[in-house]
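Participant: Just coords.cif, nothing more (mmCIF, C-alpha atoms):
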data_start
#
loop_
_atom_site.group_PDB
_atom_site.id
_atom_site.type_symbol
_atom_site.label_atom_id
_atom_site.label_comp_id
_atom_site.auth_asym_id
_atom_site.auth_seq_id
_atom_site.Cartn_x
_atom_site.Cartn_y
_atom_site.Cartn_z
ATOM 1 C CA MET A 1 72.606 87.756 61.664
ATOM 2 C CA THR A 2 69.699 88.945 63.710
ATOM 3 C CA PHE A 3 68.884 85.460 65.056
ATOM 4 C CA LEU A 4 71.887 85.213 67.360
ATOM 5 C CA THR A 5 72.982 87.103 70.418
ATOM 6 C CA GLU A 6 76.688 87.879 70.581
ATOM 7 C CA GLN A 7 77.146 85.175 73.217
ATOM 8 C CA GLN A 8 75.380 82.575 71.040
ATOM 9 C CA ARG A 9 77.414 83.614 68.012
ATOM 10 C CA THR A 10 80.658 83.289 69.965
ATOM 11 C CA GLN A 11 79.722 79.820 71.271
ATOM 12 C CA MET A 12 78.608 78.599 67.858
ATOM 13 C CA LEU A 13 81.810 79.874 66.214
ATOM 14 C CA ALA A 14 83.873 78.096 68.906
ATOM 15 C CA ASN A 15 81.948 74.850 68.306
ATOM 16 C CA GLY A 16 82.437 75.230 64.547
ATOM 17 C CA ALA A 17 86.173 75.842 64.949
ATOM 18 C CA ALA A 18 86.488 72.770 67.184
ATOM 19 C CA ARG A 19 84.766 70.574 64.600
ATOM 20 C CA ALA A 20 86.956 72.062 61.827
ATOM 21 C CA ARG A 21 90.009 70.988 63.874
ATOM 22 C CA GLY A 22 88.621 67.466 63.888
ATOM 23 C CA GLU A 23 87.469 67.406 67.508
ATOM 24 C CA ALA A 24 84.568 65.080 68.258
ATOM 25 C CA LEU A 25 81.623 67.149 69.464
ATOM 26 C CA ASP A 26 78.152 66.465 70.771
ATOM 27 C CA PRO A 27 77.257 69.858 72.209
ATOM 28 C CA LEU A 28 74.043 71.174 73.628
ATOM 29 C CA PRO A 29 72.103 73.207 71.081
ATOM 30 C CA VAL A 30 72.991 76.883 71.375
ATOM 31 C CA VAL A 31 69.904 78.388 69.754
ATOM 32 C CA LYS A 32 66.427 77.278 68.736
ATOM 33 C CA LEU A 33 64.890 78.924 65.693
ATOM 34 C CA TYR A 34 61.284 78.312 64.733
ATOM 35 C CA THR A 35 58.616 79.441 62.324
ATOM 36 C CA LEU A 36 55.967 81.596 63.926
ATOM 37 C CA ASP A 37 53.190 80.283 61.690
ATOM 38 C CA ALA A 38 54.336 76.811 60.632
ATOM 39 C CA GLY A 39 56.031 73.715 62.081
ATOM 40 C CA GLY A 40 59.690 74.432 61.318
ATOM 41 C CA ILE A 41 62.336 74.162 64.060
ATOM 42 C CA TRP A 42 66.123 74.411 63.902
ATOM 43 C CA LEU A 43 68.329 73.478 66.886
ATOM 44 C CA LEU A 44 71.745 74.867 66.001
ATOM 45 C CA THR A 45 75.112 74.141 67.598
ATOM 46 C CA GLU A 46 77.818 75.412 65.267
ATOM 47 C CA LEU A 47 78.665 78.258 62.936
ATOM 48 C CA ASP A 48 81.340 78.261 60.238
ATOM 49 C CA ALA A 49 83.927 81.027 60.184
ATOM 50 C CA ASP A 50 81.930 82.671 57.365
ATOM 51 C CA GLY A 51 79.271 83.529 59.967
ATOM 52 C CA ASP A 52 76.470 82.177 57.803
ATOM 53 C CA LYS A 53 76.602 78.380 57.518
ATOM 54 C CA ALA A 54 75.218 76.837 60.686
ATOM 55 C CA TYR A 55 75.016 73.173 61.674
ATOM 56 C CA GLY A 56 72.340 71.452 63.707
ATOM 57 C CA LEU A 57 69.101 69.532 63.712
ATOM 58 C CA CYS A 58 66.790 70.903 61.040
ATOM 59 C CA ASP A 59 63.062 70.200 60.888
ATOM 60 C CA ALA A 60 61.174 72.038 58.163
ATOM 61 C CA GLY A 61 57.910 70.629 59.492
ATOM 62 C CA THR A 62 57.634 67.947 56.801
ATOM 63 C CA GLY A 63 58.153 64.921 59.065
ATOM 64 C CA PHE A 64 61.782 64.368 58.113
ATOM 65 C CA PRO A 65 64.112 66.073 60.620
ATOM 66 C CA ASP A 66 67.805 65.735 59.803
ATOM 67 C CA LEU A 67 71.232 66.818 60.942
ATOM 68 C CA GLY A 68 72.825 69.203 58.476
ATOM 69 C CA ASN A 69 73.901 72.662 57.455
ATOM 70 C CA VAL A 70 71.705 75.662 56.875
ATOM 71 C CA SER A 71 72.361 79.233 55.767
ATOM 72 C CA LEU A 72 71.253 81.793 58.336
ATOM 73 C CA ALA A 73 70.859 84.360 55.549
ATOM 74 C CA ALA A 74 68.519 81.997 53.720
ATOM 75 C CA LEU A 75 66.495 81.424 56.898
ATOM 76 C CA GLU A 76 66.139 85.173 57.383
ATOM 77 C CA ALA A 77 64.449 85.373 53.996
ATOM 78 C CA VAL A 78 61.934 82.576 54.735
ATOM 79 C CA ARG A 79 58.348 83.497 55.503
ATOM 80 C CA GLY A 80 55.644 81.113 56.671
ATOM 81 C CA PRO A 81 52.207 80.709 55.090
ATOM 82 C CA GLN A 82 50.914 83.811 56.881
ATOM 83 C CA GLY A 83 54.013 85.860 56.046
ATOM 84 C CA GLN A 84 55.612 85.444 59.469
ATOM 85 C CA PRO A 85 59.434 85.272 59.701
ATOM 86 C CA ILE A 86 61.555 82.704 61.491
ATOM 87 C CA ALA A 87 62.434 83.763 65.031
ATOM 88 C CA ALA A 88 64.814 82.743 67.806
ATOM 89 C CA ASP A 89 63.208 81.336 70.951
ATOM 90 C CA PRO A 90 64.521 83.523 73.818
ATOM 91 C CA HIS A 91 63.221 81.032 76.412
ATOM 92 C CA PHE A 92 64.898 77.929 74.970
ATOM 93 C CA ARG A 93 67.060 76.003 77.425
ATOM 94 C CA PRO A 94 68.530 72.784 76.011
ATOM 95 C CA ARG A 95 67.789 69.648 78.027
ATOM 96 C CA GLN A 96 70.091 67.261 76.173
ATOM 97 C CA THR A 97 72.846 67.044 73.571
ATOM 98 C CA LEU A 98 72.246 67.454 69.865
ATOM 99 C CA SER A 99 72.601 63.707 69.210
ATOM 100 C CA ALA A 100 69.914 62.962 71.804
ATOM 101 C CA TYR A 101 67.558 65.503 70.216
ATOM 102 C CA ALA A 102 68.316 63.951 66.812
ATOM 103 C CA ALA A 103 67.560 60.429 68.035
ATOM 104 C CA GLU A 104 64.192 61.560 69.429
ATOM 105 C CA ALA A 105 63.329 63.582 66.329
ATOM 106 C CA LEU A 106 64.183 60.741 63.959
ATOM 107 C CA ARG A 107 62.077 58.360 66.052
ATOM 108 C CA ASP A 108 59.128 60.779 66.316
ATOM 109 C CA GLY A 109 59.332 62.456 62.900
ATOM 110 C CA GLN A 110 59.667 65.907 64.471
ATOM 111 C CA ILE A 111 61.565 67.943 67.026
ATOM 112 C CA SER A 112 59.427 67.940 70.141
ATOM 113 C CA ASP A 113 61.209 70.551 72.240
#
With the file now loaded, output its structure as structure tokens.
Facilitator:
Amino acid sequence: MTFLTEQQRTQMLANGAARARGEALDPLPVVKLYTLDAGGIWLLTELDADGDKAYGLCDAGTGFPDLGNVSLAALEAVRGPQGQPIAADPHFRPRQTLSAYAAEALRDGQISD
């Protein structure tokens, strides 16, 4: 997947493996994806062993952010209203855990980071 650096991929796979083993996790988001020409944001923490199904806080810009799974391959195919693809934010530095981001986003109706 072109969204992730090798380091991000490794961390997300490790987080995904830990959750699959039943470990309780509340990690920092590893990567932030966003639409270049719309309001979508995805803060992702985990990746399944298949390398495609990611888990995190998903906000398609509709006012209803939610924790869940998303296919990275499907996101690569998405284009915004002006034809722009989804991109990874190279400057993103998480400031809190995923559950804290989720609490804020559910309260505010959007991811504000």
Participant: Using the chain letters and numbering of this document, enumerate as a PDB file with C-alpha atoms, keeping the file's coordinate frame the residues selected by the PyMOL selection byres ((chain A and resi 3-17) around 10).
Facilitator:
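Written file, selection-v3.pdb:
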ATOM      1  CA  MET A   1      72.606  87.756  61.664  1.00  0.00           C
ATOM      2  CA  THR A   2      69.699  88.945  63.710  1.00  0.00           C
ATOM      3  CA  ALA A  18      86.488  72.770  67.184  1.00  0.00           C
ATOM      4  CA  ARG A  19      84.766  70.574  64.600  1.00  0.00           C
ATOM      5  CA  ALA A  20      86.956  72.062  61.827  1.00  0.00           C
ATOM      6  CA  ARG A  21      90.009  70.988  63.874  1.00  0.00           C
ATOM      7  CA  GLY A  22      88.621  67.466  63.888  1.00  0.00           C
ATOM      8  CA  GLU A  23      87.469  67.406  67.508  1.00  0.00           C
ATOM      9  CA  LEU A  25      81.623  67.149  69.464  1.00  0.00           C
ATOM     10  CA  ASP A  26      78.152  66.465  70.771  1.00  0.00           C
ATOM     11  CA  PRO A  27      77.257  69.858  72.209  1.00  0.00           C
ATOM     12  CA  PRO A  29      72.103  73.207  71.081  1.00  0.00           C
ATOM     13  CA  VAL A  30      72.991  76.883  71.375  1.00  0.00           C
ATOM     14  CA  VAL A  31      69.904  78.388  69.754  1.00  0.00           C
ATOM     15  CA  LYS A  32      66.427  77.278  68.736  1.00  0.00           C
ATOM     16  CA  LEU A  33      64.890  78.924  65.693  1.00  0.00           C
ATOM     17  CA  LEU A  44      71.745  74.867  66.001  1.00  0.00           C
ATOM     18  CA  THR A  45      75.112  74.141  67.598  1.00  0.00           C
ATOM     19  CA  GLU A  46      77.818  75.412  65.267  1.00  0.00           C
ATOM     20  CA  LEU A  47      78.665  78.258  62.936  1.00  0.00           C
ATOM     21  CA  ASP A  48      81.340  78.261  60.238  1.00  0.00           C
ATOM     22  CA  ALA A  49      83.927  81.027  60.184  1.00  0.00           C
ATOM     23  CA  ASP A  50      81.930  82.671  57.365  1.00  0.00           C
ATOM     24  CA  GLY A  51      79.271  83.529  59.967  1.00  0.00           C
ATOM     25  CA  LYS A  53      76.602  78.380  57.518  1.00  0.00           C
ATOM     26  CA  ALA A  54      75.218  76.837  60.686  1.00  0.00           C
ATOM     27  CA  TYR A  55      75.016  73.173  61.674  1.00  0.00           C
ATOM     28  CA  LEU A  72      71.253  81.793  58.336  1.00  0.00           C
ATOM     29  CA  ALA A  73      70.859  84.360  55.549  1.00  0.00           C
ATOM     30  CA  LEU A  75      66.495  81.424  56.898  1.00  0.00           C
ATOM     31  CA  GLU A  76      66.139  85.173  57.383  1.00  0.00           C
ATOM     32  CA  ILE A  86      61.555  82.704  61.491  1.00  0.00           C
ATOM     33  CA  ALA A  87      62.434  83.763  65.031  1.00  0.00           C
ATOM     34  CA  ALA A  88      64.814  82.743  67.806  1.00  0.00           C
ATOM     35  CA  ASP A  89      63.208  81.336  70.951  1.00  0.00           C
ATOM     36  CA  PRO A  90      64.521  83.523  73.818  1.00  0.00           C
TER      37      PRO A  90
END
Participant: Once you add 4 Å to each side, what are the centre and edge lengths of the axis-aligned box holding all listed atoms of segment 40-54 of chain A? One decimal in Å, as AutoDock Vina command-line options, if you can.
Facilitator:
--center_x 71.8 --center_y 78.5 --center_z 62.5 --size_x 32.2 --size_y 18.1 --size_z 18.2
Participant: Skip Asp66 of chain A itself and residues of its chain fewer than 6 positions away, then list as number ranges by chain all residues within 10 Å of it, counting all atoms listed in the file.
Facilitator: A: 42, 56-60, 102-103, 105-106, 109-111
Participant: Once the PyMOL selection byres ((chain A and resi 95) around 9) is applied to the coordinates I shared, what remains selected? I want it as a list of chain:residue names.
Facilitator: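 This file, filtered by the PyMOL selection byres ((chain A and resi 95) around 9), leaves A:Leu28, A:Pro29, A:Arg93, A:Pro94, A:Gln96, A:Thr97, A:Tyr101, A:Asp113.
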Participant: Grab the residues selected above and save them as a short mmCIF file (atom, residue, chain, number, x, y, z; two decimals), keeping the file's coordinate frame with C-alpha atoms.
Facilitator:
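Below is the file selection-v3.cif, written as the result:
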data_model
loop_
_atom_site.label_atom_id
_atom_site.label_comp_id
_atom_site.auth_asym_id
_atom_site.auth_seq_id
_atom_site.Cartn_x
_atom_site.Cartn_y
_atom_site.Cartn_z
CA LEU A 28 74.04 71.17 73.63
CA PRO A 29 72.10 73.21 71.08
CA ARG A 93 67.06 76.00 77.42
CA PRO A 94 68.53 72.78 76.01
CA GLN A 96 70.09 67.26 76.17
CA THR A 97 72.85 67.04 73.57
CA TYR A 101 67.56 65.50 70.22
CA ASP A 113 61.21 70.55 72.24
#
Participant: Record the distance separating atom CA of Phe64 of chain A and atom CA of Ser112 of chain A, expressed in Å with one decimal.
Facilitator: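 It comes out at 12.8 Å.
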Participant: Which of these, A:Ala77, A:Gly61, A:His91, A:Arg107, has the shortest distance to Ala38 of chain A once you count all atoms listed in the file?
Facilitator: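 Looking only at the distances to Ala38 of chain A, the closest residue turns out to be A:Gly61.
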Participant: What gap, in Å, lies between atom CA of Gly63 of chain A and atom CA of Asp108 of chain A?
Facilitator: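 So the two atoms, atom CA of Gly63 of chain A and atom CA of Asp108 of chain A, lie 8.4 Å apart.
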